[in-house]
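Q: protein_31.txt is reproduced in full below (compact mmCIF, C-alpha atoms and all ligand atoms).
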```txt
# COMPACT_ATOMS: atom_id res chain seq x y z
CA MET V 416 15.70 -2.12 0.56
CA ASN V 417 18.09 -1.52 3.45
CA LEU V 418 17.93 -4.62 5.55
CA VAL V 419 20.30 -6.21 7.96
CA PRO V 420 21.50 -9.37 6.12
CA LEU V 421 19.27 -12.34 6.77
CA LYS V 422 20.21 -14.51 9.69
CA ASN V 423 17.43 -16.86 10.64
CA GLU V 424 18.20 -16.81 14.34
CA GLY V 425 14.77 -18.04 15.33
CA ARG V 426 13.84 -14.78 17.04
CA TYR V 427 10.82 -14.33 14.82
CA ASP V 428 8.47 -17.14 15.71
CA VAL V 429 6.00 -17.12 12.82
CA HIS V 430 3.92 -19.94 14.30
CA ARG V 431 3.38 -17.89 17.43
CA VAL V 432 2.66 -14.79 15.35
CA ARG V 433 -0.04 -16.71 13.44
CA GLN V 434 -1.87 -17.31 16.72
CA ASP V 435 -2.52 -13.55 16.82
CA PHE V 436 -4.71 -13.94 13.71
CA PRO V 437 -8.03 -15.66 14.50
CA ILE V 438 -8.73 -16.31 10.83
CA PHE V 439 -6.02 -18.96 10.69
CA GLN V 440 -8.09 -21.15 13.00
CA GLN V 441 -10.44 -21.71 10.08
CA GLN V 442 -10.28 -24.19 7.26
CA VAL V 443 -11.22 -23.60 3.62
CA HIS V 444 -12.80 -26.49 1.67
CA GLY V 445 -11.69 -28.70 4.55
CA GLN V 446 -8.07 -27.64 4.04
CA ARG V 447 -5.64 -25.55 6.07
CA LEU V 448 -6.04 -21.86 5.11
CA VAL V 449 -3.02 -20.78 3.05
CA TYR V 450 -3.37 -17.04 2.62
CA LEU V 451 -1.05 -15.74 -0.10
CA ASP V 452 -3.01 -12.61 -1.01
CA SER V 453 -1.77 -10.08 1.53
CA GLY V 454 -0.79 -7.76 -1.33
CA SER V 455 -4.48 -7.43 -2.00
CA SER V 456 -5.54 -7.07 1.63
CA ALA V 457 -3.89 -8.33 4.80
CA GLN V 458 -5.51 -10.38 7.56
CA LYS V 459 -6.21 -8.71 10.91
CA PRO V 460 -4.59 -9.52 14.23
CA GLN V 461 -6.63 -9.86 17.42
CA ALA V 462 -5.28 -6.49 18.62
CA VAL V 463 -6.97 -4.72 15.70
CA LEU V 464 -10.25 -6.60 16.20
CA GLU V 465 -10.18 -5.77 19.90
CA SER V 466 -9.51 -2.11 19.20
CA LEU V 467 -12.57 -1.94 16.91
CA LYS V 468 -14.69 -3.66 19.52
CA GLU V 469 -13.39 -1.49 22.33
CA THR V 470 -14.20 1.77 20.53
CA LEU V 471 -17.64 0.61 19.49
CA THR V 472 -18.63 -0.93 22.81
CA THR V 473 -17.03 1.24 25.47
CA HIS V 474 -16.75 4.90 24.39
CA TYR V 475 -18.08 5.32 20.86
CA ALA V 476 -19.19 8.83 19.89
CA ASN V 477 -18.55 11.25 17.08
CA ILE V 478 -15.28 13.17 17.27
CA HIS V 479 -14.35 16.88 17.36
CA ARG V 480 -17.98 17.73 18.14
CA GLY V 481 -19.00 16.71 21.64
CA LEU V 482 -18.15 18.14 25.05
CA TYR V 483 -19.24 14.95 26.80
CA GLU V 484 -16.75 12.38 27.99
CA PHE V 485 -17.28 9.70 25.33
CA SER V 486 -16.72 12.18 22.55
CA GLN V 487 -13.61 13.55 24.27
CA THR V 488 -12.20 10.05 24.82
CA THR V 489 -12.87 9.01 21.23
CA THR V 490 -11.42 12.27 19.90
CA THR V 491 -8.27 11.78 21.96
CA LYS V 492 -7.82 8.21 20.70
CA PHE V 493 -8.47 9.30 17.10
CA GLU V 494 -5.84 12.02 17.33
CA GLN V 495 -3.44 9.62 19.07
CA ALA V 496 -3.83 7.34 16.04
CA ARG V 497 -2.93 10.26 13.79
CA GLN V 498 0.23 10.77 15.85
CA LYS V 499 1.05 7.05 15.57
CA VAL V 500 0.77 7.27 11.78
CA ALA V 501 3.00 10.38 11.78
CA ASP V 502 5.61 8.58 13.91
CA PHE V 503 5.34 5.47 11.74
CA LEU V 504 6.08 7.52 8.61
CA HIS V 505 8.62 9.73 10.44
CA ALA V 506 6.51 12.75 9.48
CA PRO V 507 7.50 16.01 11.17
CA SER V 508 3.94 16.72 12.33
CA SER V 509 0.66 14.86 12.74
CA ASP V 510 -0.98 17.83 10.98
CA GLN V 511 0.54 16.42 7.81
CA ILE V 512 -1.48 13.21 8.12
CA VAL V 513 -4.86 13.33 6.40
CA PHE V 514 -7.26 10.42 6.83
CA THR V 515 -9.08 9.50 3.65
CA ARG V 516 -11.35 6.63 2.66
CA SER V 517 -8.54 4.79 0.87
CA ALA V 518 -5.12 5.27 -0.71
CA THR V 519 -7.01 5.60 -3.99
CA GLU V 520 -8.91 8.55 -2.55
CA GLY V 521 -5.62 10.11 -1.42
CA LEU V 522 -4.25 9.95 -4.97
CA ASN V 523 -7.50 11.33 -6.38
CA LEU V 524 -7.35 14.11 -3.81
CA VAL V 525 -3.83 15.16 -4.79
CA ALA V 526 -4.62 14.93 -8.50
CA ALA V 527 -7.87 16.93 -8.15
CA CYS V 528 -6.77 19.51 -5.56
CA TRP V 529 -3.08 20.04 -6.27
CA GLY V 530 -3.41 19.20 -9.96
CA GLY V 531 -6.60 21.21 -10.40
CA ALA V 532 -4.99 24.29 -8.88
CA ASN V 533 -1.56 24.01 -10.47
CA LEU V 534 -1.70 22.20 -13.81
CA LYS V 535 -2.37 23.91 -17.11
CA ALA V 536 -2.37 22.96 -20.77
CA GLY V 537 0.99 21.58 -21.90
CA ASP V 538 2.24 20.75 -18.39
CA GLU V 539 3.55 17.23 -17.94
CA ILE V 540 2.75 14.58 -15.35
CA VAL V 541 5.31 11.75 -15.16
CA ILE V 542 4.26 8.27 -14.03
CA THR V 543 5.85 4.85 -14.70
CA GLN V 544 4.81 1.82 -16.67
CA LEU V 545 4.25 -0.31 -13.56
CA GLU V 546 1.69 1.83 -11.78
CA HIS V 547 -1.53 0.54 -10.26
CA HIS V 548 -4.65 1.94 -11.93
CA ALA V 549 -5.13 4.17 -8.85
CA ASN V 550 -1.93 5.98 -9.80
CA ILE V 551 -2.85 6.25 -13.48
CA VAL V 552 -6.55 7.05 -13.79
CA PRO V 553 -6.71 10.10 -11.43
CA TRP V 554 -3.86 11.65 -13.46
CA GLN V 555 -5.65 10.90 -16.72
CA MET V 556 -8.78 12.55 -15.33
CA ILE V 557 -6.99 15.73 -14.26
CA ALA V 558 -4.96 15.77 -17.50
CA GLU V 559 -8.20 15.72 -19.45
CA LYS V 560 -9.57 18.61 -17.41
CA THR V 561 -6.47 20.79 -17.53
CA GLY V 562 -4.88 19.91 -20.86
CA ALA V 563 -1.78 18.52 -19.12
CA LYS V 564 -0.01 15.53 -20.68
CA ILE V 565 0.95 12.21 -19.14
CA ILE V 566 4.47 10.98 -19.80
CA VAL V 567 5.13 7.33 -18.99
CA ALA V 568 8.62 6.34 -17.88
CA PRO V 569 9.55 2.87 -19.17
CA ILE V 570 10.55 -0.08 -17.03
CA THR V 571 13.35 -2.48 -17.97
CA PRO V 572 12.58 -5.94 -19.43
CA TYR V 573 13.26 -7.22 -15.87
CA GLY V 574 10.44 -5.12 -14.49
CA ASP V 575 12.83 -2.71 -12.83
CA VAL V 576 12.27 1.03 -12.50
CA ARG V 577 15.61 2.75 -13.07
CA ALA V 578 15.89 6.27 -11.65
CA ASP V 579 17.69 7.42 -14.83
CA ASP V 580 14.77 6.32 -17.01
CA VAL V 581 12.32 8.32 -14.89
CA ILE V 582 14.61 11.34 -14.69
CA ALA V 583 15.08 11.24 -18.48
CA CYS V 584 11.33 12.00 -18.75
CA PHE V 585 11.67 15.26 -16.80
CA THR V 586 11.47 18.40 -18.93
CA SER V 587 10.93 22.08 -18.16
CA ARG V 588 7.19 21.32 -18.42
CA THR V 589 7.14 18.51 -15.83
CA LYS V 590 5.13 19.63 -12.82
CA ILE V 591 4.58 16.42 -10.92
CA VAL V 592 5.92 12.85 -10.78
CA ALA V 593 3.81 10.08 -9.23
CA PHE V 594 5.18 6.58 -8.77
CA SER V 595 4.93 3.49 -6.65
CA ALA V 596 7.61 2.69 -4.06
CA MET V 597 6.95 -1.01 -4.64
CA SER V 598 5.07 -2.73 -7.46
CA ASN V 599 1.91 -4.59 -6.45
CA VAL V 600 2.50 -7.02 -9.33
CA LEU V 601 6.24 -7.66 -9.53
CA GLY V 602 7.42 -6.65 -6.06
CA THR V 603 9.92 -4.26 -7.65
CA ILE V 604 11.26 -1.75 -5.13
CA THR V 605 11.83 1.58 -6.81
CA PRO V 606 14.67 4.06 -6.16
CA VAL V 607 12.44 6.58 -4.40
CA LYS V 608 15.21 8.77 -2.97
CA GLN V 609 17.02 9.19 -6.29
CA ILE V 610 13.85 10.06 -8.19
CA VAL V 611 12.69 12.51 -5.51
CA ALA V 612 16.13 14.18 -5.30
CA ALA V 613 16.22 14.72 -9.07
CA ALA V 614 12.63 16.02 -9.03
CA LYS V 615 13.42 18.48 -6.22
CA GLU V 616 16.31 19.97 -8.22
CA ARG V 617 13.76 20.78 -10.91
CA ASP V 618 10.92 21.96 -8.61
CA ILE V 619 8.80 18.95 -9.58
CA VAL V 620 6.26 17.85 -6.98
CA THR V 621 6.60 14.19 -5.92
CA VAL V 622 3.85 11.71 -5.05
CA VAL V 623 4.74 8.26 -3.70
CA ASP V 624 2.27 5.36 -3.68
CA ALA V 625 3.48 3.38 -0.64
CA CYS V 626 0.57 0.90 -0.46
CA GLN V 627 2.78 -2.16 -0.86
CA ALA V 628 6.00 -0.66 0.52
CA VAL V 629 4.52 0.22 3.87
CA MET V 630 3.85 -3.41 4.83
CA HIS V 631 7.30 -4.67 3.90
CA GLN V 632 9.79 -1.95 4.80
CA SER V 633 10.27 1.05 7.04
CA VAL V 634 9.07 4.21 5.30
CA ASN V 635 10.62 7.55 6.21
CA VAL V 636 9.05 10.54 4.45
CA GLN V 637 11.79 12.86 5.69
CA ASP V 638 14.52 10.62 4.36
CA TRP V 639 12.68 10.18 1.05
CA ASP V 640 11.85 13.91 1.10
CA CYS V 641 8.69 13.31 -0.93
CA ASP V 642 5.92 15.92 -1.08
CA PHE V 643 2.99 13.50 -0.88
CA LEU V 644 2.65 9.83 0.05
CA VAL V 645 -0.33 7.52 0.36
CA PHE V 646 -1.04 4.13 1.85
CA SER V 647 -4.08 2.18 3.00
CA ALA V 648 -4.78 0.72 6.44
CA HIS V 649 -6.17 -2.59 5.21
CA LYS V 650 -2.86 -3.64 3.71
CA LEU V 651 -1.05 -2.83 6.96
CA TYR V 652 -3.07 -5.41 8.91
CA GLY V 653 -5.57 -2.68 9.83
CA PRO V 654 -9.24 -2.20 8.99
CA ASN V 655 -10.87 -1.32 5.67
CA GLY V 656 -12.16 2.10 4.81
CA VAL V 657 -9.15 4.16 5.90
CA GLY V 658 -6.42 5.63 3.75
CA VAL V 659 -3.55 7.88 4.77
CA LEU V 660 -2.34 10.88 2.83
CA TYR V 661 0.90 12.48 4.01
CA GLY V 662 1.62 15.90 2.54
CA ARG V 663 4.03 18.81 2.82
CA THR V 664 2.37 21.42 5.05
CA ASP V 665 2.76 24.37 2.68
CA LEU V 666 1.38 22.38 -0.26
CA LEU V 667 -1.58 21.01 1.72
CA ASN V 668 -2.59 24.42 3.05
CA ALA V 669 -2.32 26.05 -0.37
CA MET V 670 -4.63 23.44 -1.93
CA PRO V 671 -8.39 23.93 -2.19
CA PRO V 672 -10.45 21.43 -0.18
CA TYR V 673 -11.45 18.14 -1.81
CA GLN V 674 -14.96 18.00 -0.39
CA GLY V 675 -17.07 20.46 1.58
CA GLY V 676 -18.97 19.68 4.77
CA GLY V 677 -18.64 19.49 8.51
CA ASP V 678 -15.29 19.71 10.35
CA MET V 679 -13.32 21.25 7.47
CA ILE V 680 -14.62 24.80 7.88
CA GLU V 681 -13.64 27.76 10.04
CA THR V 682 -16.79 29.77 9.43
CA VAL V 683 -19.78 29.31 7.15
CA SER V 684 -22.23 31.98 6.07
CA PHE V 685 -24.33 32.43 2.98
CA SER V 686 -21.91 35.11 1.84
CA GLY V 687 -18.96 32.73 1.97
CA THR V 688 -17.04 30.03 3.81
CA THR V 689 -13.49 29.84 5.14
CA TYR V 690 -11.58 26.61 5.58
CA LYS V 691 -9.36 25.14 8.25
CA ASN V 692 -5.79 24.16 7.52
CA ALA V 693 -4.76 20.52 7.05
CA PRO V 694 -5.58 17.93 8.13
CA ALA V 695 -9.18 19.07 8.89
CA ARG V 696 -9.31 20.93 5.55
CA PHE V 697 -9.45 17.54 3.78
CA GLU V 698 -11.56 15.62 6.29
CA ALA V 699 -15.12 16.74 5.56
CA GLY V 700 -17.82 14.69 7.27
CA THR V 701 -17.66 12.04 9.95
CA PRO V 702 -14.62 9.84 9.33
CA ALA V 703 -14.18 6.10 9.92
CA ILE V 704 -13.61 6.67 13.64
CA ALA V 705 -13.20 3.17 15.08
CA GLU V 706 -11.22 2.13 11.99
CA VAL V 707 -8.73 4.99 12.31
CA ILE V 708 -8.19 4.13 15.98
CA ALA V 709 -7.72 0.48 14.96
CA LEU V 710 -5.12 1.55 12.39
CA GLY V 711 -3.21 2.87 15.39
CA ALA V 712 -3.50 -0.60 16.93
CA ALA V 713 -2.23 -2.18 13.70
CA ILE V 714 0.80 0.12 13.75
CA ASP V 715 1.48 -0.79 17.39
CA TYR V 716 1.20 -4.45 16.40
CA VAL V 717 3.65 -4.39 13.48
CA CYS V 718 6.05 -2.12 15.36
CA GLY V 719 5.85 -4.51 18.32
CA LEU V 720 6.97 -7.38 16.08
CA GLY V 721 9.65 -5.12 14.61
CA LEU V 722 9.69 -3.88 11.01
CA ASP V 723 13.19 -5.26 10.42
CA ALA V 724 12.27 -8.63 11.92
CA ILE V 725 9.19 -8.80 9.65
CA ALA V 726 11.25 -7.85 6.59
CA ARG V 727 13.90 -10.47 7.39
CA HIS V 728 11.23 -13.13 7.84
CA GLU V 729 9.52 -12.18 4.59
CA LYS V 730 12.85 -12.22 2.75
CA MET V 731 13.50 -15.74 3.99
CA ILE V 732 10.05 -16.82 2.74
CA PHE V 733 10.50 -14.96 -0.54
CA ASP V 734 13.85 -16.65 -1.24
CA TYR V 735 12.36 -20.05 -0.34
CA ALA V 736 9.34 -19.44 -2.59
CA GLU V 737 11.42 -18.20 -5.50
CA GLU V 738 13.64 -21.28 -5.37
CA LYS V 739 10.66 -23.66 -5.15
CA LEU V 740 8.71 -21.94 -7.95
CA GLN V 741 11.75 -21.77 -10.23
CA ALA V 742 12.08 -25.52 -9.89
CA ILE V 743 8.62 -26.11 -11.41
CA ALA V 744 8.98 -26.94 -15.12
CA GLY V 745 6.72 -24.72 -17.21
CA LEU V 746 6.40 -22.02 -14.55
CA ARG V 747 7.41 -18.57 -15.75
CA LEU V 748 8.18 -15.96 -13.09
CA TYR V 749 7.69 -12.30 -14.02
CA GLY V 750 9.89 -9.54 -12.64
CA LYS V 751 13.57 -9.97 -12.00
CA ALA V 752 14.46 -6.55 -10.63
CA PRO V 753 17.53 -6.71 -8.40
CA ASP V 754 15.61 -5.11 -5.55
CA ARG V 755 12.22 -6.70 -4.97
CA ALA V 756 10.28 -8.28 -2.15
CA SER V 757 7.36 -10.34 -0.97
CA ILE V 758 5.46 -10.70 -4.26
CA LEU V 759 5.84 -13.45 -6.88
CA ALA V 760 3.85 -13.29 -10.12
CA PHE V 761 3.87 -16.12 -12.62
CA THR V 762 2.12 -18.13 -15.31
CA LEU V 763 2.04 -21.89 -15.85
CA ASP V 764 2.53 -22.95 -19.47
CA ASN V 765 -0.71 -24.22 -21.06
CA CYS V 766 -2.71 -23.54 -17.88
CA PRO V 767 -5.08 -20.54 -17.89
CA SER V 768 -4.31 -18.46 -14.80
CA SER V 769 -7.97 -18.30 -13.73
CA ASP V 770 -8.18 -22.11 -13.75
CA VAL V 771 -4.97 -22.30 -11.75
CA GLY V 772 -6.51 -19.92 -9.21
CA MET V 773 -9.64 -22.06 -8.89
CA ILE V 774 -7.66 -25.27 -8.40
CA LEU V 775 -5.51 -23.57 -5.76
CA ASP V 776 -8.68 -22.42 -4.00
CA GLN V 777 -9.85 -26.04 -3.73
CA LYS V 778 -6.59 -26.71 -1.91
CA GLY V 779 -7.23 -23.83 0.52
CA VAL V 780 -4.61 -21.64 -1.22
CA CYS V 781 -5.70 -18.02 -1.75
CA VAL V 782 -3.86 -16.11 -4.47
CA ARG V 783 -4.89 -13.25 -6.74
CA VAL V 784 -5.30 -13.96 -10.45
CA GLY V 785 -5.86 -11.46 -13.25
CA HIS V 786 -4.53 -8.07 -14.27
CA HIS V 787 -3.89 -6.89 -10.70
CA CYS V 788 -5.27 -3.41 -11.45
CA ALA V 789 -2.26 -2.81 -13.68
CA MET V 790 -3.44 -3.39 -17.26
CA PRO V 791 -0.72 -1.20 -18.85
CA LEU V 792 1.95 -3.25 -17.04
CA MET V 793 0.31 -6.48 -18.23
CA GLU V 794 0.44 -5.17 -21.79
CA CYS V 795 4.08 -4.32 -21.38
CA LEU V 796 4.80 -7.84 -20.04
CA GLY V 797 2.81 -9.34 -22.94
CA VAL V 798 0.29 -11.17 -20.73
CA THR V 799 -3.39 -10.75 -19.94
CA ALA V 800 -3.32 -12.43 -16.53
CA LEU V 801 -0.81 -13.53 -13.92
CA VAL V 802 -1.10 -15.62 -10.80
CA ARG V 803 0.25 -13.65 -7.87
CA ALA V 804 1.35 -15.01 -4.51
CA SER V 805 2.02 -12.28 -1.97
CA ILE V 806 3.69 -12.80 1.36
CA GLY V 807 2.74 -11.34 4.72
CA LEU V 808 4.23 -11.35 8.18
CA TYR V 809 2.38 -14.63 8.92
CA THR V 810 3.48 -16.57 5.83
CA THR V 811 5.28 -19.86 6.46
CA THR V 812 7.36 -22.23 4.36
CA GLU V 813 4.45 -24.69 4.75
CA ASP V 814 2.26 -22.15 2.93
CA ILE V 815 4.74 -22.11 0.04
CA ASP V 816 4.88 -25.91 0.01
CA ALA V 817 1.07 -25.98 -0.23
CA LEU V 818 1.21 -23.52 -3.14
CA VAL V 819 3.78 -25.65 -4.96
CA ASP V 820 1.73 -28.78 -4.34
CA GLY V 821 -1.37 -27.01 -5.70
CA LEU V 822 0.52 -25.89 -8.80
CA HIS V 823 1.61 -29.47 -9.52
CA THR V 824 -2.05 -30.51 -9.22
CA ALA V 825 -3.05 -27.71 -11.61
CA GLN V 826 -0.47 -28.89 -14.12
CA ARG V 827 -1.72 -32.47 -13.86
CA LEU V 828 -5.35 -31.41 -14.36
CA LEU V 829 -4.89 -28.70 -16.96
CA GLY V 830 -1.63 -29.39 -18.76
N1 LIG S 901 -4.02 -3.13 -4.95
C1 LIG S 901 -4.45 -4.40 -4.47
C2 LIG S 901 -3.74 -5.53 -5.17
O1 LIG S 901 -2.71 -5.34 -5.74
C3 LIG S 901 -5.91 -4.55 -4.45
O2 LIG S 901 -4.24 -6.63 -5.16
```
Could you take the file, read its structure, and then write that structure out as structure tokens?
Ligand code: ALA
A:
Amino acid sequence: MNLVPLKNEGRYDVHRVRQDFPIFQQQVHGQRLVYLDSGSSAQKPQAVLESLKETLTTHYANIHRGLYEFSQTTTTKFEQARQKVADFLHAPSSDQIVFTRSATEGLNLVAACWGGANLKAGDEIVITQLEHHANIVPWQMIAEKTGAKIIVAPITPYGDVRADDVIACFTSRTKIVAFSAMSNVLGTITPVKQIVAAAKERDIVTVVDACQAVMHQSVNVQDWDCDFLVFSAHKLYGPNGVGVLYGRTDLLNAMPPYQGGGDMIETVSFSGTTYKNAPARFEAGTPAIAEVIALGAAIDYVCGLGLDAIARHEKMIFDYAEEKLQAIAGLRLYGKAPDRASILAFTLDNCPSSDVGMILDQKGVCVRVGHHCAMPLMECLGVTALVRASIGLYTTTEDIDALVDGLHTAQRLLG
């Protein structure tokens, strides 16, 4: 990750930032809320809640369909949100931004539409060993339909994805490579540019899962030069029910639609239907209107804080957490890739991870426990479950201290 070296100059006032998140006014089991599960879904700032309320209470109407003022206003705000997403990703055009139901739907869309139209028996799809199920299962489904094969690039024992190991999987039959820019389990940051550059030389289409990356680093699709990229709004401090698919214009417009319905057609008759170009081509039906507009508000919010300032803050918290966790006897941290961020996964010797999670909950500490939607990675690490603490822009050193305190309690009760 390209960051300005950490200097904690006090410009990022996390305690003030936390006041933007109403949820932190609450207690859990009579304890201060310690939210260390942002990798699963991030909390929402007031600006996002207000945006939802504003759309729904002051000008709500369906979009792209009404000539009346409310519909025009809502349509304008919806399309402004699309432009904000395009600017956020440094996409050349907002026409390359497709709103889906989730990042998962975006990956399914690419697998079904691009894969369905372009893959044939014997073709190869390259993924890596640390993918989330959402970047494994859609490829398995299209491989089954088309006769294509999945090739899995290995990770190192440190949980690192080396570009050379992915590139070594490329053959004359490789048609597409799909990989995560940042692991949701180990925090590993992958060498996106190197993998994409090598794929381009071989005419291999590239798909980047940026669900975790997007909340911790600046993402530039032109710099990465990827063909497709997905992320979800709810991890970027935005609402649920909205995913973003970025795609190369020529690829998007050559793909068949994902679903049929309103808004994606040019003309419909019983003798045949013609389709609009992207993004409408892939946006059949009424979308999550207020939620898309609120994603725009979430982007304004994180950009207002500053992506570099957030990343520097999170790095400070990550370093603090790593040092504190490493000092706990019997705690085993997973993932030692040289480039990683914001996520710490671990086990406690002789303490079942689910029990650890329940004890932490009693202390008001929210973490995710289990396979983290990455069973093949778990198998490769030789574990069935990990405890995962994930850091957000509101995480404090007090949160980490509470986690450490809870882990000592778990050891006392379970060990
Ligand atoms: N993908 C989310 C996670 O890692 C749900 O927790």
Q: Determine, counting all atoms listed in the file, which protein, DNA and RNA residues have an atom within 9 Å of an atom of range 817-830 of chain V; residues of the same chain fewer than 6 positions away are not included. Present the result as a PyMOL selection string.
A: chain V and resi 449+451+736+739-740+743+745+763-767+770-772+774-781+804
Q: So, counting all atoms listed in the file, which residue among V:Phe646, V:Tyr690, V:Tyr652, V:Tyr573 is closest to ligand LIG 901 (chain S)?
A: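 Checking each candidate against ligand LIG 901 (chain S), we get V:Phe646 as the closest.
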Q: Point out the residue among V:Thr472, V:Val645, V:Val784, V:Ala699 with the least atom-to-atom distance to ligand LIG 901 (chain S), counting all atoms listed in the file.
A: V:Val784
Q: Report, in Å with one decimal, the straight-line distance from CA of Ala756 in chain V to CA of Ala742 in chain V.
A: 19.0 Å
Q: Write out as JSON lines the residues of chain V that have any atom within 7 Å of an atom of ligand LIG 901 (chain S), one row each with the nearest atom pair and its distance in Å to one decimal, counting only C-alpha atoms and all ligand atoms, sorted by chain and then rising number.
A:
```
{"residue": "V:Gly454", "atom": "CA", "partner": "S:LIG901", "partner_atom": "O2", "distance": 5.3}
{"residue": "V:Ser455", "atom": "CA", "partner": "S:LIG901", "partner_atom": "O2", "distance": 3.3}
{"residue": "V:Ser456", "atom": "CA", "partner": "S:LIG901", "partner_atom": "C3", "distance": 6.6}
{"residue": "V:His547", "atom": "CA", "partner": "S:LIG901", "partner_atom": "N1", "distance": 6.9}
{"residue": "V:Asn599", "atom": "CA", "partner": "S:LIG901", "partner_atom": "O1", "distance": 4.7}
{"residue": "V:Val600", "atom": "CA", "partner": "S:LIG901", "partner_atom": "O1", "distance": 6.5}
{"residue": "V:Arg783", "atom": "CA", "partner": "S:LIG901", "partner_atom": "O2", "distance": 6.8}
{"residue": "V:His787", "atom": "CA", "partner": "S:LIG901", "partner_atom": "O1", "distance": 5.3}
{"residue": "V:Cys788", "atom": "CA", "partner": "S:LIG901", "partner_atom": "O1", "distance": 6.5}
```
Q: Just want the 12 Å neighbourhood of Cys626 in chain V, counted on only C-alpha atoms, with same-chain residues fewer than 6 positions away dropped. Output as a VMD selection string.
A: chain V and resid 453 to 457 517 to 519 521 to 522 546 to 547 549 to 550 594 to 599 602 604 632 634 644 to 652 658 to 660
Q: Those same residues, written as a CSV table (one decimal), in the coordinates of the input with C-alpha atoms?
A:
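Generated output (selection.csv):
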```csv
chain,number,residue,atom,x,y,z
V,453,SER,CA,-1.8,-10.1,1.5
V,454,GLY,CA,-0.8,-7.8,-1.3
V,455,SER,CA,-4.5,-7.4,-2.0
V,456,SER,CA,-5.5,-7.1,1.6
V,457,ALA,CA,-3.9,-8.3,4.8
V,517,SER,CA,-8.5,4.8,0.9
V,518,ALA,CA,-5.1,5.3,-0.7
V,519,THR,CA,-7.0,5.6,-4.0
V,521,GLY,CA,-5.6,10.1,-1.4
V,522,LEU,CA,-4.2,10.0,-5.0
V,546,GLU,CA,1.7,1.8,-11.8
V,547,HIS,CA,-1.5,0.5,-10.3
V,549,ALA,CA,-5.1,4.2,-8.8
V,550,ASN,CA,-1.9,6.0,-9.8
V,594,PHE,CA,5.2,6.6,-8.8
V,595,SER,CA,4.9,3.5,-6.6
V,596,ALA,CA,7.6,2.7,-4.1
V,597,MET,CA,7.0,-1.0,-4.6
V,598,SER,CA,5.1,-2.7,-7.5
V,599,ASN,CA,1.9,-4.6,-6.4
V,602,GLY,CA,7.4,-6.6,-6.1
V,604,ILE,CA,11.3,-1.8,-5.1
V,632,GLN,CA,9.8,-2.0,4.8
V,634,VAL,CA,9.1,4.2,5.3
V,644,LEU,CA,2.6,9.8,0.0
V,645,VAL,CA,-0.3,7.5,0.4
V,646,PHE,CA,-1.0,4.1,1.8
V,647,SER,CA,-4.1,2.2,3.0
V,648,ALA,CA,-4.8,0.7,6.4
V,649,HIS,CA,-6.2,-2.6,5.2
V,650,LYS,CA,-2.9,-3.6,3.7
V,651,LEU,CA,-1.0,-2.8,7.0
V,652,TYR,CA,-3.1,-5.4,8.9
V,658,GLY,CA,-6.4,5.6,3.8
V,659,VAL,CA,-3.6,7.9,4.8
V,660,LEU,CA,-2.3,10.9,2.8
```
Q: I'd like the neighbourhood of Ala614 in chain V as a VMD selection string, where a residue qualifies if any of its atoms comes within 12 Å (using only C-alpha atoms), though same-chain residues fewer than 5 positions away should be ignored.
A: chain V and resid 540 to 541 578 to 579 581 to 587 589 to 593 607 to 609 619 to 622 639 to 642
Q: Pick out the closest residue to Ile708 in chain V from this set: V:Asn655, V:Ser769, V:Asn635, V:Gln442. Count all atoms listed in the file.
A: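 Counting all atoms listed in the file, the residue closest to Ile708 in chain V is V:Asn655.
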Q: CA of Ala693 in chain V and CA of Asp665 in chain V are how many Å apart?
A: 9.5 Å
